[in-house]
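Asks: Below: one structure in structure tokens.
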There are 4 protein chains.
Amino acid sequence: MAADKIENPDQLVVSDDPNHPANLIPSLCAKFWTLGWVTGTGGGCSIRDDDLVYLAPSGVQKELMKPADIYVLSLAAQEPTFKQRTYIRSPPIYKPSQCTPLFLAAFTRRGAGCCIHTHSQWAVLVTLLLESQGPGNDRVFEINNIEQIKGFGKGMNKTGNLGYHDTLRIPVIENTPHEEDLTEFLEEAMEKYPDTYAVLVRRHGVYVWGDNVHKAKTQCESLDYLFQLAVEMKKLGIPWISNVTPVGPQR
Amino acid sequence: MAADKIENPDQLVVSDDPNHPANLIPSLCAKFWTLGWVTGTGGGCSIRDDDLVYLAPSGVQKELMKPADIYVLSLAAQEPTFKQRTYIRSPPIYKPSQCTPLFLAAFTRRGAGCCIHTHSQWAVLVTLLLESQGPGNDRVFEINNIEQIKGFGKGMNKTGNLGYHDTLRIPVIENTPHEEDLTEFLEEAMEKYPDTYAVLVRRHGVYVWGDNVHKAKTQCESLDYLFQLAVEMKKLGIPWISNVTPVGPQR
Amino acid sequence: MAADKIENPDQLVVSDDPNHPANLIPSLCAKFWTLGWVTGTGGGCSIRDDDLVYLAPSGVQKELMKPADIYVLSLAAQEPTFKQRTYIRSPPIYKPSQCTPLFLAAFTRRGAGCCIHTHSQWAVLVTLLLESQGPGNDRVFEINNIEQIKGFGKGMNKTGNLGYHDTLRIPVIENTPHEEDLTEFLEEAMEKYPDTYAVLVRRHGVYVWGDNVHKAKTQCESLDYLFQLAVEMKKLGIPWISNVTPVGPQR
Amino acid sequence: MAADKIENPDQLVVSDDPNHPANLIPSLCAKFWTLGWVTGTGGGCSIRDDDLVYLAPSGVQKELMKPADIYVLSLAAQEPTFKQRTYIRSPPIYKPSQCTPLFLAAFTRRGAGCCIHTHSQWAVLVTLLLESQGPGNDRVFEINNIEQIKGFGKGMNKTGNLGYHDTLRIPVIENTPHEEDLTEFLEEAMEKYPDTYAVLVRRHGVYVWGDNVHKAKTQCESLDYLFQLAVEMKKLGIPWISNVTPVGPQR
């Protein structure tokens with residue numbers, strides 16, 4: 001639907017289809033709340049349907065969100081740096097999320113269809129563990145030889161998923177006092193790691209995206225699994241990178 | 001509603017509105033039970049609607065509470081120290097909660113609209129970790145440079161929330177054999193830390209309040225998140241206070 | 001209802017009342033399953049209504065149990081050692097639980113109205129931590145100065161609950177290959193600790209009882225809370241017994 | 001039902017019975033998702049009804065699966081090595097699971113009625129802890145003297161379950177880049193450990209089976225309980241194998 005053809009913006013968030021973005025964002029966020037990803041109004045989720053972007057508002061309890069709370073904007077109608085945003089639909093009682101320009105970066109630079117931001121403690125702890133290794137070793141999380149790594153695509157415009165022996169690399173950017181100021185650092189990390197589907201934010205959480213909701217959500221789950229595993233490995237003295245001799249036919 | 005105009009106190013806890021205090025306290029407490037905050041009848045929650053205060057009774061299973069179980073009192077009708085309380089509505093099969101004077105302190109001294117008391121193990125462990133540092137270093141929990149700190153208001157009558165680089169300080173009071181005897185220590189801590197929205201109780205739990213239910217609940221979630229993170233940081237040898245170089249535009 | 005007046009035993013497990021024992025055992029066990037207390041058909045729950053005792057069968061998935069699965073027996077009709085039991089109602093497709101004589105011990109020796117048996121990992125870990133302290137120090141779990149201790153009654157025929165400064169003592173018995181062989185050791189522990197409402201079983205779990213369902217369930221929750229806290233305290237180097245200076249008015 | 005008599009394969013996955021395999025696989029997988037066993041589309045579950053095998057497809061969100069998503073094949077119609085599989089019913093929008101030949105190995109070599117594959121972090125951590133003990137000590141997980149061990153059968157065609165003092169042994173195989181290449185290693189482990197109901201896969205997870213759904217599911221739960229306990233024991237310095245003096249009558 002072209003943005004300039006929309007007569008009643010409120011109709012954009014009314015649908016009987018549970019997979020409509022305005023229904024899916026609340027149901028996903030309720031699920032994320034039970035996982036501890038969006039505690040205390042933190043974190044969020046945005047879905048893109050062609051040119052239309054659906055966004056959760058700022059400061060809502062994520063497990064209580066309703067379709068009527070959702071913001072909608074046209075991607076084409078935004079200026080390139082996303083510093084100012086215009087909305088097709090703005091619920092009057094809310095403020096737009098500061099995460100918005102970061103979600104938009106995933107949509108425009110990676111063609112993502114969904115982007116999830118969590119405050120998962122496992123993500124935060126991984127960034128703290130990297131930080132404690134000192135400068136120079138704290139800018140990328142690396143893990144290999146864990147089956148769950150196969151839950152990630154090889155990268156934008158590439159076919160297939162990472163293999164068991166591949167090293168998954170997730171860049172870490174430093175946190176800024178204002179969340180929207182993360183945007184340029186997120187974009188830099190995207191450029192430096194063209195195949196990544198996620199960026200960790202130091203002492204803050206993680207942004208994960210995917211071509212569609214299914215891929216963003218399952219990649220986010222797989223990554224949280226790996227972060228939790230990595231923290232437990234550290235407690236047990238097991239390194240994240242290992243040199244495992246390949247077994248079975250190599251194809 | 002003025003307290004002296006109430007003809008049938010039982011009507012105070014009957015409403016079709018899920019956000020009415022008599023409905024909200026049971027649904028919140030059921031949620032808190034799943035979070036491990038109100039295990040074994042511990043902990044509780046109180047909501048203030050203007051002069052009327054709604055309270056859970058003592059010794060009920062918090063995930064099974066019903067609107068009919070709720071006590072109601074008039075704030076204006078209480079004597080200043082809250083040592084004796086009079087109730088507009090008292091369910092005959094229960095006893096009033098010993099937490100009552102502590103909830104009232106949050107309502108009168110801070111104008112809070114809701115106060116939550118949890119027995120969260122993370123809160124207890126934080127007070128134990130502080131205690132193990134020895135006298136002099138055990139009276140306040142401090143953490144900085146964690147994004148979730150932004151979940152807290154700057155303080156009563158102040159605008160806006162804490163920033164990422166700000167240090168969140170939560171005072172710790174010693175536990176007393178009788179819960180209501182905590183009241184004067186809680187009030188002392190409120191005076192010494194005029195901007196705090198929470199007070200930890202050694203080997204016991206935490207009291208968290210806010211201007212309304214939304215703020216009390218999300219601040220309580222954010223704080224529990226920080227307590228859990230702090231315990232995990234301690235296990236991994238990461239200090240709670242750090243000196244992080246600011247990144248991004250400073251405004 | 002006298003056991004010899006029962007014409008149709010199947011009617012004993014049919015009721016519209018959610019608090020009827022035949023309905024309550026399945027709903028409690030489903031809740032316990034989510035807490036990890038009755039994993040893999042382990043653990044169980046029994047409720048006594050005057051002379052009638054309701055029991056879950058052996059080897060059922062606890063979160064899937066139905067009222068029709070429940071065994072019923074008359075306490076008065078059993079011989080004193082419980083080595084052989086006779087049932088008023090026996091679901092033909094099941095076997096009676098090996099926990100039965102242990103539940104009966106709580107009903108006859110303590111007048112309990114409900115007894116819960118969990119395989120909680122926190123209970124097992126506490127017995128392992130005690131065992132690792134060597135013989136002589138491994139027969140009783142002791143903790144004091146934690147608020148949740150107030151969740152326990154002072155003992156059978158005593159009024160009121162333990163205080164914050166009191167030491168909670170839970171005896172530990174050694175595990176036997178056949179669960180019903182635990183009975184005499186459980187009874188010995190009950191005699192040696194006449195005020196206890198629970199007995200730990202080494203490398204196995206815990207039995208907790210109370211005058212009624214409410215008390216058994218909330219004491220079991222409080223105890224599991226304390227076991228989990230105790231394990232975390234051990235990881236953080238904090239002792240279970242402390243010498244805290246009393247604060248507040250002593251009454 | 002003989003496979004060559006099936007006129008409409010889609011009818012194989014339509015039933016009002018919640019215990020029909022096409023209904024049970026989705027409801028079990030939804031439960032497993034809450035346990036963290038099938039995060040990010042990982043893991044899976046297969047049920048055999050005589051000659052018919054029901055399988056979850058590859059790459060679906062396990063908590064969202066529907067009966068219509070289920071694959072069906074005839075065991076008798078497969079060639080012996082399972083390298084190529086033919087399906088009676090293949091949902092056109094999915095791909096068959098790479099786990100299929102491993103599930104089939106449990107069905108043909110052990111006569112299992114259900115096989116569950118989890119990516120449980122506790123399973124992965126146990127294989128990592130074994131690996132860190134160095135070559136020669138990393139090929140089998142062993143634990144004894146824990147009550148939950150009684151949740152396992154003694155072995156195929158044997159009567160009864162393991163005892164408390166018995167040592168449970170779960171072999172560990174090395175992971176391969178392609179999941180179906182695990183099949184021959186799984187079969188080798190089955191031959192070397194003829195009584196095992198489970199095989200761990202290094203840095204990957206575990207396969208658990210049973211004569212029927214009840215046994216596979218409760219053995220999988222018991223095993224996950226033991227893996228989690230084992231990781232916690234390691235953190236607390238408690239060995240997995242102990243020499244406990246038997247107590248009670250020996251029968």
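Naming works like this for the structure tokens: A, B, ... for the chains as they're shown, residue 1 at the start of each chain, ligands 1 onward in shown order.
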Skipping near chain neighbours, those fewer than 2 positions away, what residues fall within 12 Å of Pro91 (chain B) using only C-alpha atoms, listed as a VMD selection string?

Replies: chain B and resid 9 to 10 13 55 to 58 66 to 72 87 to 89 93 to 97

Asks: Using only C-alpha atoms, which protein or nucleic acid residues come within 9 Å of Cys45 (chain C)? Drop anything in the same chain fewer than 4 positions from it, and give the result as a list of chain:residue names.

Replies: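 Close residues of Cys45 (chain C): C:Ile25, C:Pro26, C:Leu28, C:Cys29, C:Tyr54, C:Leu55, C:Ala56, C:Cys99, C:Phe103, C:Cys114, C:Cys115, C:Ile116, C:His117, C:Thr118.
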
Asks: With N, CA, C and O atoms kept, could you save the residues just selected as a PDB file, in the first residue's frame?

Replies:
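Below is the file that was written, part26.pdb:
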ATOM      1  N   ILE C  25      -5.175 -31.963  43.938  1.00  0.00           N
ATOM      2  CA  ILE C  25      -3.900 -32.662  43.721  1.00  0.00           C
ATOM      3  C   ILE C  25      -3.425 -32.484  42.276  1.00  0.00           C
ATOM      4  O   ILE C  25      -2.278 -32.084  42.055  1.00  0.00           O
ATOM      5  N   PRO C  26      -4.280 -32.702  41.264  1.00  0.00           N
ATOM      6  CA  PRO C  26      -3.809 -32.458  39.900  1.00  0.00           C
ATOM      7  C   PRO C  26      -3.413 -31.005  39.642  1.00  0.00           C
ATOM      8  O   PRO C  26      -2.393 -30.749  38.998  1.00  0.00           O
ATOM      9  N   LEU C  28      -2.396 -28.701  41.793  1.00  0.00           N
ATOM     10  CA  LEU C  28      -1.135 -28.412  42.498  1.00  0.00           C
ATOM     11  C   LEU C  28       0.046 -29.057  41.775  1.00  0.00           C
ATOM     12  O   LEU C  28       1.090 -28.423  41.583  1.00  0.00           O
ATOM     13  N   CYS C  29      -0.113 -30.313  41.380  1.00  0.00           N
ATOM     14  CA  CYS C  29       1.008 -31.009  40.733  1.00  0.00           C
ATOM     15  C   CYS C  29       1.376 -30.344  39.408  1.00  0.00           C
ATOM     16  O   CYS C  29       2.556 -30.277  39.049  1.00  0.00           O
ATOM     17  N   TYR C  54      -6.137 -38.867  49.985  1.00  0.00           N
ATOM     18  CA  TYR C  54      -6.109 -38.848  48.522  1.00  0.00           C
ATOM     19  C   TYR C  54      -4.658 -38.817  48.068  1.00  0.00           C
ATOM     20  O   TYR C  54      -3.854 -38.024  48.567  1.00  0.00           O
ATOM     21  N   LEU C  55      -4.342 -39.701  47.096  1.00  0.00           N
ATOM     22  CA  LEU C  55      -2.940 -39.854  46.684  1.00  0.00           C
ATOM     23  C   LEU C  55      -2.808 -39.915  45.166  1.00  0.00           C
ATOM     24  O   LEU C  55      -3.626 -40.559  44.494  1.00  0.00           O
ATOM     25  N   ALA C  56      -1.757 -39.303  44.648  1.00  0.00           N
ATOM     26  CA  ALA C  56      -1.418 -39.453  43.235  1.00  0.00           C
ATOM     27  C   ALA C  56      -0.832 -40.854  43.018  1.00  0.00           C
ATOM     28  O   ALA C  56      -0.169 -41.389  43.903  1.00  0.00           O
ATOM     29  N   CYS C  99       5.626 -43.471  47.735  1.00  0.00           N
ATOM     30  CA  CYS C  99       5.669 -42.410  48.754  1.00  0.00           C
ATOM     31  C   CYS C  99       4.569 -42.583  49.789  1.00  0.00           C
ATOM     32  O   CYS C  99       4.597 -41.892  50.832  1.00  0.00           O
ATOM     33  N   PHE C 103       3.842 -40.296  53.287  1.00  0.00           N
ATOM     34  CA  PHE C 103       2.740 -39.346  53.449  1.00  0.00           C
ATOM     35  C   PHE C 103       1.917 -39.721  54.696  1.00  0.00           C
ATOM     36  O   PHE C 103       1.548 -38.865  55.499  1.00  0.00           O
ATOM     37  N   CYS C 114      -1.855 -32.224  54.634  1.00  0.00           N
ATOM     38  CA  CYS C 114      -1.300 -32.286  53.277  1.00  0.00           C
ATOM     39  C   CYS C 114       0.197 -32.519  53.394  1.00  0.00           C
ATOM     40  O   CYS C 114       0.851 -31.976  54.301  1.00  0.00           O
ATOM     41  N   CYS C 115       0.726 -33.326  52.498  1.00  0.00           N
ATOM     42  CA  CYS C 115       2.168 -33.566  52.467  1.00  0.00           C
ATOM     43  C   CYS C 115       2.634 -33.530  51.018  1.00  0.00           C
ATOM     44  O   CYS C 115       1.993 -34.110  50.129  1.00  0.00           O
ATOM     45  N   ILE C 116       3.737 -32.819  50.782  1.00  0.00           N
ATOM     46  CA  ILE C 116       4.278 -32.628  49.429  1.00  0.00           C
ATOM     47  C   ILE C 116       5.683 -33.210  49.384  1.00  0.00           C
ATOM     48  O   ILE C 116       6.479 -33.004  50.302  1.00  0.00           O
ATOM     49  N   HIS C 117       5.975 -33.932  48.327  1.00  0.00           N
ATOM     50  CA  HIS C 117       7.321 -34.477  48.133  1.00  0.00           C
ATOM     51  C   HIS C 117       7.873 -33.932  46.821  1.00  0.00           C
ATOM     52  O   HIS C 117       7.274 -34.121  45.770  1.00  0.00           O
ATOM     53  N   THR C 118       9.003 -33.231  46.886  1.00  0.00           N
ATOM     54  CA  THR C 118       9.605 -32.711  45.658  1.00  0.00           C
ATOM     55  C   THR C 118      10.995 -33.306  45.435  1.00  0.00           C
ATOM     56  O   THR C 118      11.659 -33.727  46.376  1.00  0.00           O
TER      57      THR C 118
END

Asks: For Met156 (chain D), please output as an MDAnalysis selection string all residues within 10 Å (counting only C-alpha atoms; exclusion window: fewer than 6 positions along the same chain).

Replies: chainID D and resid 109:112 194:197 210:211

Asks: Deliver the residues from the most recent selection as a file, using all heavy atoms, as a PDB file, in the first residue's frame.

Replies:
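Produced file result-v2.pdb, reproduced below:
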ATOM      1  N   ARG D 109      16.298 -49.840  15.531  1.00  0.00           N
ATOM      2  CA  ARG D 109      17.277 -50.593  16.326  1.00  0.00           C
ATOM      3  C   ARG D 109      16.805 -50.831  17.760  1.00  0.00           C
ATOM      4  O   ARG D 109      17.311 -51.720  18.434  1.00  0.00           O
ATOM      5  CB  ARG D 109      18.612 -49.845  16.357  1.00  0.00           C
ATOM      6  CG  ARG D 109      19.168 -49.711  14.963  1.00  0.00           C
ATOM      7  CD  ARG D 109      20.611 -49.327  14.944  1.00  0.00           C
ATOM      8  NE  ARG D 109      21.133 -49.507  13.609  1.00  0.00           N
ATOM      9  CZ  ARG D 109      22.263 -50.145  13.330  1.00  0.00           C
ATOM     10  NH1 ARG D 109      23.004 -50.639  14.301  1.00  0.00           N
ATOM     11  NH2 ARG D 109      22.671 -50.275  12.085  1.00  0.00           N
ATOM     12  N   ARG D 110      15.926 -49.980  18.252  1.00  0.00           N
ATOM     13  CA  ARG D 110      15.482 -50.122  19.635  1.00  0.00           C
ATOM     14  C   ARG D 110      13.976 -50.351  19.763  1.00  0.00           C
ATOM     15  O   ARG D 110      13.462 -50.444  20.874  1.00  0.00           O
ATOM     16  CB  ARG D 110      15.883 -48.882  20.448  1.00  0.00           C
ATOM     17  CG  ARG D 110      17.372 -48.651  20.531  1.00  0.00           C
ATOM     18  CD  ARG D 110      18.051 -49.789  21.299  1.00  0.00           C
ATOM     19  NE  ARG D 110      19.504 -49.693  21.209  1.00  0.00           N
ATOM     20  CZ  ARG D 110      20.282 -49.221  22.179  1.00  0.00           C
ATOM     21  NH1 ARG D 110      19.737 -48.835  23.311  1.00  0.00           N
ATOM     22  NH2 ARG D 110      21.590 -49.165  22.022  1.00  0.00           N
ATOM     23  N   GLY D 111      13.293 -50.346  18.643  1.00  0.00           N
ATOM     24  CA  GLY D 111      11.844 -50.505  18.725  1.00  0.00           C
ATOM     25  C   GLY D 111      11.174 -49.362  19.456  1.00  0.00           C
ATOM     26  O   GLY D 111      10.067 -49.509  20.005  1.00  0.00           O
ATOM     27  N   ALA D 112      11.835 -48.187  19.468  1.00  0.00           N
ATOM     28  CA  ALA D 112      11.275 -47.043  20.201  1.00  0.00           C
ATOM     29  C   ALA D 112       9.967 -46.586  19.571  1.00  0.00           C
ATOM     30  O   ALA D 112       9.733 -46.765  18.370  1.00  0.00           O
ATOM     31  CB  ALA D 112      12.279 -45.894  20.223  1.00  0.00           C
ATOM     32  N   PRO D 194      24.300 -51.077  24.735  1.00  0.00           N
ATOM     33  CA  PRO D 194      23.017 -51.650  24.310  1.00  0.00           C
ATOM     34  C   PRO D 194      21.848 -51.293  25.233  1.00  0.00           C
ATOM     35  O   PRO D 194      20.700 -51.410  24.820  1.00  0.00           O
ATOM     36  CB  PRO D 194      23.280 -53.160  24.319  1.00  0.00           C
ATOM     37  CG  PRO D 194      24.509 -53.354  25.140  1.00  0.00           C
ATOM     38  CD  PRO D 194      25.305 -52.100  25.026  1.00  0.00           C
ATOM     39  N   ASP D 195      22.126 -50.845  26.454  1.00  0.00           N
ATOM     40  CA  ASP D 195      21.036 -50.533  27.380  1.00  0.00           C
ATOM     41  C   ASP D 195      20.688 -49.051  27.436  1.00  0.00           C
ATOM     42  O   ASP D 195      19.758 -48.659  28.149  1.00  0.00           O
ATOM     43  CB  ASP D 195      21.389 -51.016  28.798  1.00  0.00           C
ATOM     44  CG  ASP D 195      21.382 -52.533  28.875  1.00  0.00           C
ATOM     45  OD1 ASP D 195      20.656 -53.159  28.070  1.00  0.00           O
ATOM     46  OD2 ASP D 195      22.107 -53.081  29.721  1.00  0.00           O
ATOM     47  N   THR D 196      21.428 -48.222  26.720  1.00  0.00           N
ATOM     48  CA  THR D 196      21.172 -46.792  26.852  1.00  0.00           C
ATOM     49  C   THR D 196      19.886 -46.390  26.132  1.00  0.00           C
ATOM     50  O   THR D 196      19.502 -47.000  25.129  1.00  0.00           O
ATOM     51  CB  THR D 196      22.345 -45.955  26.328  1.00  0.00           C
ATOM     52  OG1 THR D 196      22.168 -44.598  26.771  1.00  0.00           O
ATOM     53  CG2 THR D 196      22.405 -45.963  24.799  1.00  0.00           C
ATOM     54  N   TYR D 197      19.225 -45.390  26.684  1.00  0.00           N
ATOM     55  CA  TYR D 197      18.049 -44.785  26.046  1.00  0.00           C
ATOM     56  C   TYR D 197      18.371 -43.386  25.532  1.00  0.00           C
ATOM     57  O   TYR D 197      17.460 -42.628  25.215  1.00  0.00           O
ATOM     58  CB  TYR D 197      16.894 -44.695  27.045  1.00  0.00           C
ATOM     59  CG  TYR D 197      16.223 -46.006  27.322  1.00  0.00           C
ATOM     60  CD1 TYR D 197      16.502 -46.742  28.463  1.00  0.00           C
ATOM     61  CD2 TYR D 197      15.291 -46.530  26.417  1.00  0.00           C
ATOM     62  CE1 TYR D 197      15.880 -47.958  28.708  1.00  0.00           C
ATOM     63  CE2 TYR D 197      14.666 -47.742  26.653  1.00  0.00           C
ATOM     64  CZ  TYR D 197      14.975 -48.451  27.808  1.00  0.00           C
ATOM     65  OH  TYR D 197      14.353 -49.656  28.031  1.00  0.00           O
ATOM     66  N   GLY D 210      12.229 -43.765  23.866  1.00  0.00           N
ATOM     67  CA  GLY D 210      11.535 -44.642  24.805  1.00  0.00           C
ATOM     68  C   GLY D 210      10.537 -45.490  24.060  1.00  0.00           C
ATOM     69  O   GLY D 210      10.233 -45.211  22.896  1.00  0.00           O
ATOM     70  N   ASP D 211      10.033 -46.489  24.756  1.00  0.00           N
ATOM     71  CA  ASP D 211       9.088 -47.404  24.120  1.00  0.00           C
ATOM     72  C   ASP D 211       7.845 -46.685  23.616  1.00  0.00           C
ATOM     73  O   ASP D 211       7.202 -47.116  22.665  1.00  0.00           O
ATOM     74  CB  ASP D 211       8.647 -48.491  25.118  1.00  0.00           C
ATOM     75  CG  ASP D 211       9.795 -49.392  25.519  1.00  0.00           C
ATOM     76  OD1 ASP D 211      10.854 -49.340  24.860  1.00  0.00           O
ATOM     77  OD2 ASP D 211       9.635 -50.162  26.488  1.00  0.00           O
TER      78      ASP D 211
END

Asks: Using only C-alpha atoms, which protein or nucleic acid residues come within 7 Å of region 157-173 of chain C? Drop anything in the same chain fewer than 3 positions from it, and give the result as a PyMOL selection string.

Replies: (chain B and resi 177) or (chain C and resi 139-147+149-154+185-186+189+196+198-202)

Asks: Apply DSSP to the structure's backbone, then extract all residues of region 116-215 of chain B labelled alpha helix (DSSP H) and return them as a ChimeraX atom specification.

Replies: /B:121-131,183-192,213-215

Asks: Just need the residues of chain A within 9 Å of chain D, counting only C-alpha atoms, so spit them out as a compact mmCIF listing (two decimals) with N, CA, C and O atoms, in the first residue's frame.

Replies:
# COMPACT_ATOMS: atom_id res chain seq x y z
N ASN A 145 32.08 -23.89 16.81
CA ASN A 145 31.89 -25.29 17.19
C ASN A 145 30.77 -25.51 18.20
O ASN A 145 30.92 -26.27 19.16
N ILE A 146 29.68 -24.81 18.00
CA ILE A 146 28.44 -25.04 18.77
C ILE A 146 27.32 -25.19 17.74
O ILE A 146 27.20 -24.35 16.84
N GLU A 147 26.51 -26.24 17.90
CA GLU A 147 25.50 -26.54 16.88
C GLU A 147 24.58 -25.36 16.60
O GLU A 147 24.18 -25.11 15.46
N GLN A 148 24.22 -24.61 17.66
CA GLN A 148 23.22 -23.55 17.50
C GLN A 148 23.68 -22.44 16.56
O GLN A 148 22.86 -21.65 16.08
N GLY A 151 21.95 -21.72 13.34
CA GLY A 151 20.71 -20.95 13.31
C GLY A 151 20.84 -19.61 12.60
O GLY A 151 19.85 -18.88 12.48
N GLY A 163 27.93 -22.90 9.19
CA GLY A 163 28.14 -24.30 9.54
C GLY A 163 28.62 -24.43 10.98
O GLY A 163 29.01 -23.44 11.62
N TYR A 164 28.62 -25.65 11.44
CA TYR A 164 29.00 -25.94 12.82
C TYR A 164 30.42 -25.46 13.13
O TYR A 164 30.69 -24.95 14.22
N HIS A 165 31.34 -25.62 12.17
CA HIS A 165 32.72 -25.24 12.44
C HIS A 165 33.00 -23.76 12.19
O HIS A 165 34.08 -23.27 12.50
N HIS A 214 10.08 -14.43 11.06
CA HIS A 214 10.57 -15.76 11.42
C HIS A 214 12.08 -15.76 11.62
O HIS A 214 12.60 -16.26 12.61
N LYS A 217 13.29 -13.51 14.63
CA LYS A 217 12.95 -14.08 15.93
C LYS A 217 13.80 -15.31 16.23
O LYS A 217 14.31 -15.48 17.34
N THR A 218 13.98 -16.20 15.24
CA THR A 218 14.75 -17.41 15.52
C THR A 218 16.24 -17.09 15.64
O THR A 218 16.95 -17.72 16.44
N GLN A 219 16.73 -16.09 14.89
CA GLN A 219 18.13 -15.69 15.06
C GLN A 219 18.35 -15.04 16.43
O GLN A 219 19.38 -15.24 17.07
N CYS A 220 17.35 -14.28 16.88
CA CYS A 220 17.47 -13.64 18.19
C CYS A 220 17.47 -14.70 19.29
O CYS A 220 18.25 -14.61 20.25
N GLU A 221 16.62 -15.71 19.16
CA GLU A 221 16.59 -16.82 20.13
C GLU A 221 17.92 -17.58 20.14
O GLU A 221 18.45 -17.90 21.20
N SER A 222 18.42 -17.88 18.95
CA SER A 222 19.68 -18.64 18.86
C SER A 222 20.82 -17.84 19.47
O SER A 222 21.70 -18.40 20.14
N LEU A 223 20.81 -16.53 19.23
CA LEU A 223 21.89 -15.70 19.75
C LEU A 223 21.80 -15.61 21.27
O LEU A 223 22.83 -15.72 21.97
N TYR A 225 20.58 -17.83 23.22
CA TYR A 225 21.04 -19.16 23.66
C TYR A 225 22.57 -19.17 23.73
O TYR A 225 23.16 -19.64 24.71
N GLN A 228 23.92 -16.98 26.62
CA GLN A 228 23.76 -17.65 27.91
C GLN A 228 24.78 -18.78 28.05
O GLN A 228 25.44 -18.91 29.09
N LEU A 229 24.92 -19.56 27.00
CA LEU A 229 25.90 -20.65 27.02
C LEU A 229 27.31 -20.09 27.25
O LEU A 229 28.10 -20.66 28.02
N GLU A 232 27.84 -19.24 30.88
CA GLU A 232 28.03 -20.47 31.66
C GLU A 232 29.39 -21.11 31.36
O GLU A 232 30.06 -21.63 32.26
N MET A 233 29.82 -21.09 30.10
CA MET A 233 31.14 -21.62 29.75
C MET A 233 32.23 -20.86 30.52
O MET A 233 33.18 -21.47 31.03
N LYS A 235 31.96 -19.33 33.37
CA LYS A 235 31.94 -19.74 34.78
C LYS A 235 32.64 -21.07 34.99
O LYS A 235 33.19 -21.32 36.06
N LEU A 236 32.59 -21.93 33.98
CA LEU A 236 33.15 -23.28 34.09
C LEU A 236 34.56 -23.37 33.48
O LEU A 236 35.13 -24.45 33.39
N GLY A 237 35.10 -22.21 33.04
CA GLY A 237 36.48 -22.20 32.53
C GLY A 237 36.64 -22.79 31.15
O GLY A 237 37.73 -23.26 30.80
N ILE A 238 35.59 -22.76 30.34
CA ILE A 238 35.64 -23.34 29.00
C ILE A 238 35.72 -22.21 27.97
O ILE A 238 34.88 -21.31 27.99
N PRO A 246 37.48 -31.94 12.72
CA PRO A 246 36.24 -32.29 12.02
C PRO A 246 36.00 -33.80 11.99
O PRO A 246 36.94 -34.59 11.89
N VAL A 247 34.75 -34.19 12.10
CA VAL A 247 34.31 -35.58 12.09
C VAL A 247 33.28 -35.75 10.99
O VAL A 247 32.55 -34.80 10.69
N GLY A 248 33.23 -36.92 10.39
CA GLY A 248 32.20 -37.19 9.38
C GLY A 248 32.64 -36.71 8.01
O GLY A 248 33.64 -36.01 7.88
N PRO A 249 31.88 -37.04 6.97
CA PRO A 249 32.24 -36.65 5.60
C PRO A 249 32.26 -35.12 5.46
O PRO A 249 31.37 -34.44 5.96
N GLN A 250 33.31 -34.59 4.85
CA GLN A 250 33.40 -33.15 4.60
C GLN A 250 32.87 -32.87 3.20
O GLN A 250 33.39 -33.35 2.22
N ARG A 251 31.85 -32.06 3.08
CA ARG A 251 31.27 -31.77 1.77
C ARG A 251 31.48 -30.32 1.40
O ARG A 251 31.41 -29.46 2.25
